[in-house]
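Structure data (PDB, C-alpha atoms, pLDDT in the B column) from model.pdb:
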ATOM      1  CA  MET A   9     206.736 265.281 -45.286  1.00 48.00           C
ATOM      2  CA  CYS A  10     204.102 263.511 -47.404  1.00 52.00           C
ATOM      3  CA  ALA A  11     205.072 265.408 -50.581  1.00 52.00           C
ATOM      4  CA  HIS A  12     208.726 264.511 -50.067  1.00 54.00           C
ATOM      5  CA  SER A  13     207.816 260.880 -49.435  1.00 57.00           C
ATOM      6  CA  SER A  14     205.676 260.636 -52.590  1.00 60.00           C
ATOM      7  CA  VAL A  15     208.423 262.221 -54.724  1.00 57.00           C
ATOM      8  CA  LYS A  16     210.991 259.832 -53.251  1.00 60.00           C
ATOM      9  CA  SER A  17     208.788 256.776 -53.861  1.00 63.00           C
ATOM     10  CA  ALA A  18     208.058 257.902 -57.424  1.00 61.00           C
ATOM     11  CA  PHE A  19     211.812 258.314 -57.962  1.00 57.00           C
ATOM     12  CA  TYR A  20     212.463 254.742 -56.853  1.00 60.00           C
ATOM     13  CA  GLU A  21     209.390 253.318 -58.624  1.00 69.00           C
ATOM     14  CA  ASN A  22     210.664 254.628 -61.936  1.00 71.00           C
ATOM     15  CA  GLY A  23     213.827 252.689 -61.333  1.00 79.00           C
ATOM     16  CA  PHE A  24     216.129 255.527 -62.330  1.00 82.00           C
ATOM     17  CA  VAL A  25     218.448 255.000 -59.379  1.00 82.00           C
ATOM     18  CA  LEU A  26     218.470 251.237 -59.789  1.00 82.00           C
ATOM     19  CA  TYR A  27     219.239 251.474 -63.494  1.00 85.00           C
ATOM     20  CA  THR A  28     221.987 254.023 -62.888  1.00 87.00           C
ATOM     21  CA  ILE A  29     223.613 251.799 -60.264  1.00 86.00           C
ATOM     22  CA  VAL A  30     223.381 248.676 -62.414  1.00 82.00           C
ATOM     23  CA  ILE A  31     224.766 250.433 -65.506  1.00 86.00           C
ATOM     24  CA  SER A  32     227.616 251.909 -63.453  1.00 87.00           C
ATOM     25  CA  LEU A  33     228.445 248.497 -61.998  1.00 82.00           C
ATOM     26  CA  GLY A  34     228.403 246.998 -65.489  1.00 80.00           C
ATOM     27  CA  ILE A  35     230.823 249.635 -66.781  1.00 85.00           C
ATOM     28  CA  MET A  36     233.113 249.186 -63.787  1.00 82.00           C
ATOM     29  CA  SER A  37     232.993 245.408 -64.230  1.00 79.00           C
ATOM     30  CA  GLY A  38     234.034 245.751 -67.850  1.00 80.00           C
ATOM     31  CA  ILE A  39     236.871 248.143 -67.023  1.00 86.00           C
ATOM     32  CA  LEU A  40     238.222 246.248 -64.009  1.00 85.00           C
ATOM     33  CA  ASN A  41     237.799 242.838 -65.673  1.00 82.00           C
ATOM     34  CA  PHE A  42     237.228 240.743 -62.543  1.00 79.00           C
ATOM     35  CA  GLU A  43     236.806 237.157 -63.735  1.00 83.00           C
ATOM     36  CA  TRP A  44     234.441 236.125 -60.939  1.00 83.00           C
ATOM     37  CA  LEU A  45     232.237 239.166 -61.604  1.00 80.00           C
ATOM     38  CA  ASN A  46     232.227 238.429 -65.331  1.00 81.00           C
ATOM     39  CA  ASN A  47     231.193 234.825 -64.597  1.00 86.00           C
ATOM     40  CA  ILE A  48     228.278 236.054 -62.474  1.00 85.00           C
ATOM     41  CA  ALA A  49     227.265 238.477 -65.226  1.00 82.00           C
ATOM     42  CA  VAL A  50     227.356 235.709 -67.856  1.00 86.00           C
ATOM     43  CA  MET A  51     225.277 233.429 -65.620  1.00 91.00           C
ATOM     44  CA  MET A  52     222.707 236.173 -64.998  1.00 89.00           C
ATOM     45  CA  SER A  53     222.493 237.112 -68.679  1.00 88.00           C
ATOM     46  CA  ASP A  54     222.049 233.448 -69.669  1.00 92.00           C
ATOM     47  CA  ALA A  55     219.278 233.058 -67.084  1.00 94.00           C
ATOM     48  CA  PHE A  56     217.566 236.227 -68.321  1.00 91.00           C
ATOM     49  CA  ILE A  57     217.728 235.071 -71.945  1.00 91.00           C
ATOM     50  CA  LYS A  58     216.310 231.649 -71.032  1.00 91.00           C
ATOM     51  CA  ILE A  59     213.451 233.243 -69.078  1.00 91.00           C
ATOM     52  CA  PHE A  60     212.775 235.643 -71.936  1.00 89.00           C
ATOM     53  CA  LYS A  61     212.725 232.812 -74.486  1.00 86.00           C
ATOM     54  CA  CYS A  62     210.442 230.781 -72.234  1.00 88.00           C
ATOM     55  CA  LEU A  63     207.902 233.592 -71.853  1.00 90.00           C
ATOM     56  CA  SER A  64     208.094 235.498 -75.139  1.00 89.00           C
ATOM     57  CA  LEU A  65     206.351 233.193 -77.603  1.00 89.00           C
ATOM     58  CA  PRO A  66     203.493 232.146 -75.316  1.00 91.00           C
ATOM     59  CA  LEU A  67     202.965 235.805 -74.456  1.00 92.00           C
ATOM     60  CA  ILE A  68     202.954 236.812 -78.124  1.00 90.00           C
ATOM     61  CA  SER A  69     200.474 234.093 -79.062  1.00 91.00           C
ATOM     62  CA  LEU A  70     198.194 234.725 -76.092  1.00 93.00           C
ATOM     63  CA  SER A  71     198.230 238.474 -76.772  1.00 92.00           C
ATOM     64  CA  MET A  72     197.180 237.839 -80.368  1.00 89.00           C
ATOM     65  CA  ILE A  73     194.432 235.408 -79.365  1.00 92.00           C
ATOM     66  CA  VAL A  74     193.059 237.718 -76.670  1.00 92.00           C
ATOM     67  CA  THR A  75     193.166 240.708 -79.003  1.00 88.00           C
ATOM     68  CA  ILE A  76     191.397 238.908 -81.844  1.00 88.00           C
ATOM     69  CA  THR A  77     188.700 237.485 -79.573  1.00 88.00           C
ATOM     70  CA  SER A  78     188.103 240.826 -77.839  1.00 85.00           C
ATOM     71  CA  TYR A  79     186.785 242.566 -80.960  1.00 80.00           C
ATOM     72  CA  HIS A  80     183.045 242.205 -81.214  1.00 73.00           C
ATOM     73  CA  SER A  81     182.432 243.445 -84.750  1.00 76.00           C
ATOM     74  CA  ASP A  82     183.946 242.582 -88.085  1.00 75.00           C
ATOM     75  CA  MET A  83     184.456 246.292 -88.804  1.00 81.00           C
ATOM     76  CA  GLN A  84     186.775 246.582 -85.785  1.00 78.00           C
ATOM     77  CA  MET A  85     188.713 243.545 -87.015  1.00 76.00           C
ATOM     78  CA  LYS A  86     188.987 244.986 -90.528  1.00 80.00           C
ATOM     79  CA  ARG A  87     190.251 248.337 -89.229  1.00 84.00           C
ATOM     80  CA  ILE A  88     192.849 246.805 -86.887  1.00 79.00           C
ATOM     81  CA  SER A  89     193.989 244.410 -89.637  1.00 77.00           C
ATOM     82  CA  GLN A  90     194.497 247.324 -92.033  1.00 83.00           C
ATOM     83  CA  LYS A  91     196.438 249.296 -89.415  1.00 86.00           C
ATOM     84  CA  THR A  92     198.581 246.268 -88.585  1.00 80.00           C
ATOM     85  CA  LEU A  93     199.337 245.606 -92.243  1.00 78.00           C
ATOM     86  CA  CYS A  94     200.217 249.268 -92.822  1.00 87.00           C
ATOM     87  CA  TYR A  95     202.439 249.339 -89.730  1.00 88.00           C
ATOM     88  CA  THR A  96     204.173 246.124 -90.784  1.00 82.00           C
ATOM     89  CA  LEU A  97     204.845 247.401 -94.289  1.00 85.00           C
ATOM     90  CA  VAL A  98     206.109 250.795 -93.088  1.00 90.00           C
ATOM     91  CA  THR A  99     208.464 249.286 -90.494  1.00 91.00           C
ATOM     92  CA  THR A 100     209.726 246.655 -92.958  1.00 88.00           C
ATOM     93  CA  VAL A 101     210.447 249.222 -95.659  1.00 90.00           C
ATOM     94  CA  THR A 102     212.076 251.530 -93.100  1.00 94.00           C
ATOM     95  CA  ALA A 103     214.285 248.698 -91.823  1.00 92.00           C
ATOM     96  CA  ALA A 104     215.263 247.778 -95.391  1.00 91.00           C
ATOM     97  CA  ILE A 105     216.179 251.391 -96.183  1.00 94.00           C
ATOM     98  CA  VAL A 106     218.236 251.742 -92.995  1.00 94.00           C
ATOM     99  CA  ALA A 107     220.016 248.446 -93.734  1.00 91.00           C
ATOM    100  CA  CYS A 108     220.727 249.560 -97.302  1.00 90.00           C
ATOM    101  CA  VAL A 109     222.128 252.930 -96.160  1.00 92.00           C
ATOM    102  CA  LEU A 110     224.275 251.272 -93.484  1.00 90.00           C
ATOM    103  CA  TYR A 111     225.531 248.723 -96.001  1.00 88.00           C
ATOM    104  CA  ALA A 112     226.454 251.510 -98.403  1.00 85.00           C
ATOM    105  CA  LEU A 113     228.182 253.510 -95.639  1.00 87.00           C
ATOM    106  CA  ILE A 114     230.096 250.608 -94.117  1.00 85.00           C
ATOM    107  CA  ASN A 115     230.833 248.984 -97.488  1.00 78.00           C
ATOM    108  CA  PRO A 116     231.893 245.559 -96.203  1.00 75.00           C
ATOM    109  CA  THR A 117     234.323 243.601 -98.298  1.00 68.00           C
ATOM    110  CA  THR A 118     233.503 240.219 -99.737  1.00 60.00           C
ATOM    111  CA  PRO A 119     234.334 237.641 -97.085  1.00 60.00           C
ATOM    112  CA  GLN A 120     236.919 235.024 -97.884  1.00 58.00           C
ATOM    113  CA  ILE A 121     235.475 231.543 -98.044  1.00 57.00           C
ATOM    114  CA  ILE A 122     237.560 229.139 -95.999  1.00 57.00           C
ATOM    115  CA  SER A 123     237.361 225.463 -96.760  1.00 57.00           C
ATOM    116  CA  LEU A 124     236.926 223.571 -93.511  1.00 56.00           C
ATOM    117  CA  GLY A 125     236.644 220.132 -95.019  1.00 56.00           C
ATOM    118  CA  ASP A 126     233.778 217.808 -95.737  1.00 58.00           C
ATOM    119  CA  ASP A 127     232.110 218.292 -92.342  1.00 63.00           C
ATOM    120  CA  ILE A 128     229.997 221.217 -93.537  1.00 61.00           C
ATOM    121  CA  PRO A 129     226.584 220.155 -94.847  1.00 63.00           C
ATOM    122  CA  PRO A 130     225.672 221.558 -98.255  1.00 63.00           C
ATOM    123  CA  ILE A 131     223.520 224.675 -98.341  1.00 65.00           C
ATOM    124  CA  ARG A 132     220.124 223.826 -99.662  1.00 67.00           C
ATOM    125  CA  ASP A 133     218.083 226.187-101.781  1.00 71.00           C
ATOM    126  CA  ILE A 134     214.602 226.910-100.530  1.00 73.00           C
ATOM    127  CA  SER A 135     211.862 228.676-102.445  1.00 76.00           C
ATOM    128  CA  TYR A 136     209.350 231.113-101.015  1.00 76.00           C
ATOM    129  CA  LEU A 137     206.565 228.553-101.348  1.00 82.00           C
ATOM    130  CA  GLN A 138     208.601 225.987 -99.408  1.00 81.00           C
ATOM    131  CA  HIS A 139     209.312 228.591 -96.751  1.00 75.00           C
ATOM    132  CA  ILE A 140     205.615 229.459 -96.471  1.00 80.00           C
ATOM    133  CA  SER A 141     204.658 225.784 -96.284  1.00 83.00           C
ATOM    134  CA  GLN A 142     207.124 225.364 -93.387  1.00 81.00           C
ATOM    135  CA  LEU A 143     205.117 227.937 -91.411  1.00 82.00           C
ATOM    136  CA  ILE A 144     202.389 225.338 -90.936  1.00 87.00           C
ATOM    137  CA  PRO A 145     203.463 223.222 -87.962  1.00 87.00           C
ATOM    138  CA  SER A 146     203.059 219.458 -87.809  1.00 88.00           C
ATOM    139  CA  HIS A 147     201.958 219.628 -84.148  1.00 88.00           C
ATOM    140  CA  ILE A 148     200.863 222.366 -81.776  1.00 89.00           C
ATOM    141  CA  PHE A 149     204.106 222.567 -79.776  1.00 89.00           C
ATOM    142  CA  GLU A 150     206.534 222.584 -82.718  1.00 90.00           C
ATOM    143  CA  PRO A 151     206.622 226.386 -83.248  1.00 89.00           C
ATOM    144  CA  PHE A 152     207.260 226.941 -79.547  1.00 88.00           C
ATOM    145  CA  MET A 153     209.999 224.312 -79.390  1.00 89.00           C
ATOM    146  CA  GLU A 154     211.720 225.614 -82.525  1.00 88.00           C
ATOM    147  CA  HIS A 155     211.083 229.257 -81.602  1.00 86.00           C
ATOM    148  CA  ASN A 156     209.390 229.946 -84.933  1.00 87.00           C
ATOM    149  CA  VAL A 157     207.649 233.279 -84.393  1.00 86.00           C
ATOM    150  CA  MET A 158     205.838 233.319 -87.733  1.00 86.00           C
ATOM    151  CA  SER A 159     204.279 229.900 -87.096  1.00 88.00           C
ATOM    152  CA  VAL A 160     203.218 231.017 -83.620  1.00 89.00           C
ATOM    153  CA  LEU A 161     201.570 234.110 -85.098  1.00 88.00           C
ATOM    154  CA  LEU A 162     199.820 232.011 -87.732  1.00 89.00           C
ATOM    155  CA  MET A 163     198.521 229.610 -85.074  1.00 91.00           C
ATOM    156  CA  ALA A 164     197.388 232.519 -82.868  1.00 91.00           C
ATOM    157  CA  ILE A 165     195.508 234.192 -85.710  1.00 89.00           C
ATOM    158  CA  VAL A 166     193.811 230.935 -86.669  1.00 91.00           C
ATOM    159  CA  THR A 167     192.946 230.141 -83.035  1.00 92.00           C
ATOM    160  CA  GLY A 168     191.611 233.634 -82.308  1.00 91.00           C
ATOM    161  CA  SER A 169     189.558 233.643 -85.502  1.00 88.00           C
ATOM    162  CA  ALA A 170     188.191 230.172 -84.761  1.00 92.00           C
ATOM    163  CA  ILE A 171     187.138 231.284 -81.283  1.00 93.00           C
ATOM    164  CA  ARG A 172     185.230 234.210 -82.807  1.00 89.00           C
ATOM    165  CA  PHE A 173     183.238 231.766 -84.978  1.00 89.00           C
ATOM    166  CA  ILE A 174     182.159 229.416 -82.183  1.00 92.00           C
ATOM    167  CA  PRO A 175     178.359 229.489 -82.489  1.00 92.00           C
ATOM    168  CA  ASP A 176     177.508 228.900 -78.824  1.00 92.00           C
ATOM    169  CA  ASP A 177     177.977 232.170 -76.884  1.00 91.00           C
ATOM    170  CA  ARG A 178     178.619 230.409 -73.588  1.00 95.00           C
ATOM    171  CA  HIS A 179     181.380 228.201 -75.039  1.00 94.00           C
ATOM    172  CA  ARG A 180     182.946 231.188 -76.805  1.00 92.00           C
ATOM    173  CA  GLU A 181     183.005 233.164 -73.531  1.00 93.00           C
ATOM    174  CA  VAL A 182     184.484 230.245 -71.577  1.00 95.00           C
ATOM    175  CA  ILE A 183     187.331 229.675 -74.025  1.00 95.00           C
ATOM    176  CA  SER A 184     187.937 233.442 -74.325  1.00 93.00           C
ATOM    177  CA  SER A 185     188.106 233.705 -70.530  1.00 95.00           C
ATOM    178  CA  PHE A 186     190.534 230.783 -70.448  1.00 96.00           C
ATOM    179  CA  PHE A 187     192.931 232.501 -72.855  1.00 95.00           C
ATOM    180  CA  GLN A 188     192.520 235.837 -71.042  1.00 95.00           C
ATOM    181  CA  GLY A 189     193.402 234.095 -67.783  1.00 95.00           C
ATOM    182  CA  LEU A 190     196.497 232.479 -69.329  1.00 94.00           C
ATOM    183  CA  HIS A 191     197.466 235.857 -70.769  1.00 94.00           C
ATOM    184  CA  SER A 192     197.162 237.420 -67.322  1.00 94.00           C
ATOM    185  CA  ILE A 193     199.406 234.713 -65.870  1.00 93.00           C
ATOM    186  CA  PHE A 194     202.130 235.339 -68.447  1.00 90.00           C
ATOM    187  CA  ILE A 195     201.852 239.128 -68.079  1.00 90.00           C
ATOM    188  CA  THR A 196     202.239 238.793 -64.315  1.00 87.00           C
TER     189      THR A 196
END

Let me see the file written as structure tokens.
Amino acid sequence: MCAHSSVKSAFYENGFVLYTIVISLGIMSGILNFEWLNNIAVMMSDAFIKIFKCLSLPLISLSMIVTITSYHSDMQMKRISQKTLCYTLVTTVTAAIVACVLYALINPTTPQIISLGDDIPPIRDISYLQHISQLIPSHIFEPFMEHNVMSVLLMAIVTGSAIRFIPDDRHREVISSFFQGLHSIFIT
């Protein structure tokens, strides 16, 4: 009886049944096209997206800060930085290759430009240096309010590195514990 109970609880803990039921209901909802069910689905998806947007950037920044402050030697930081840079380059090049292949396979036509009047603001050209300078926020909450992931990462790296260079061990431990506690809150 115990073995059966542990298998059953593991089955439910993995969520396989729940996911299967939810996916089946989603398919049935799409096929049957009940308006009230579609309205509930739209409301739930909007709520999920809002929750995700609310939690994602603080979680990303806190994860970066906690990770940077947890390394105790510069050699560990150098090794993880090299691995991160390599991973970033490999995934970026892979994504560019996949996009290029898909573009060549799909071969989209040139879109027709439709004149909608004078209400459309002109497109402004921006250089790479201007784009990089826009990564530096004017205040601490700006990247979170504008959902600018690159600025959040920049702030997290600077904050984590600054914490590592605090000369007083007690102060460094207190601020590290603070960010670890916030990270735990957002993970929970």

Shortest interatomic distance to Pro145 (chain A) - which of A:Ala103, A:Phe194, A:Val157, A:Lys61, counting all atoms listed in the file: A:Val157

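Interatomic distance, CA of Gln142 (chain A) against CA of Lys91 (chain A): 26.5 Å.
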
Computed interatomic separation between CA of Gly34 (chain A) and CA of Val50 (chain A) (Å): 11.6 Å

Given the PyMOL selection byres ((chain A and resi 187) around 10), the residues it picks as a PyMOL selection string: chain A and resi 69-71+73-74+77+168+181-186+188-193

Within 10 Å of Met158 (chain A) using all atoms listed in the file, minus same-chain residues under 4 positions, as a VMD selection string: chain A and resid 140 142 to 144 151 162 to 164

Length of the CA of Ile57 (chain A) to CA of Val160 (chain A) vector [Å]: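 That distance, rounded to one decimal, is 19.1 Å.
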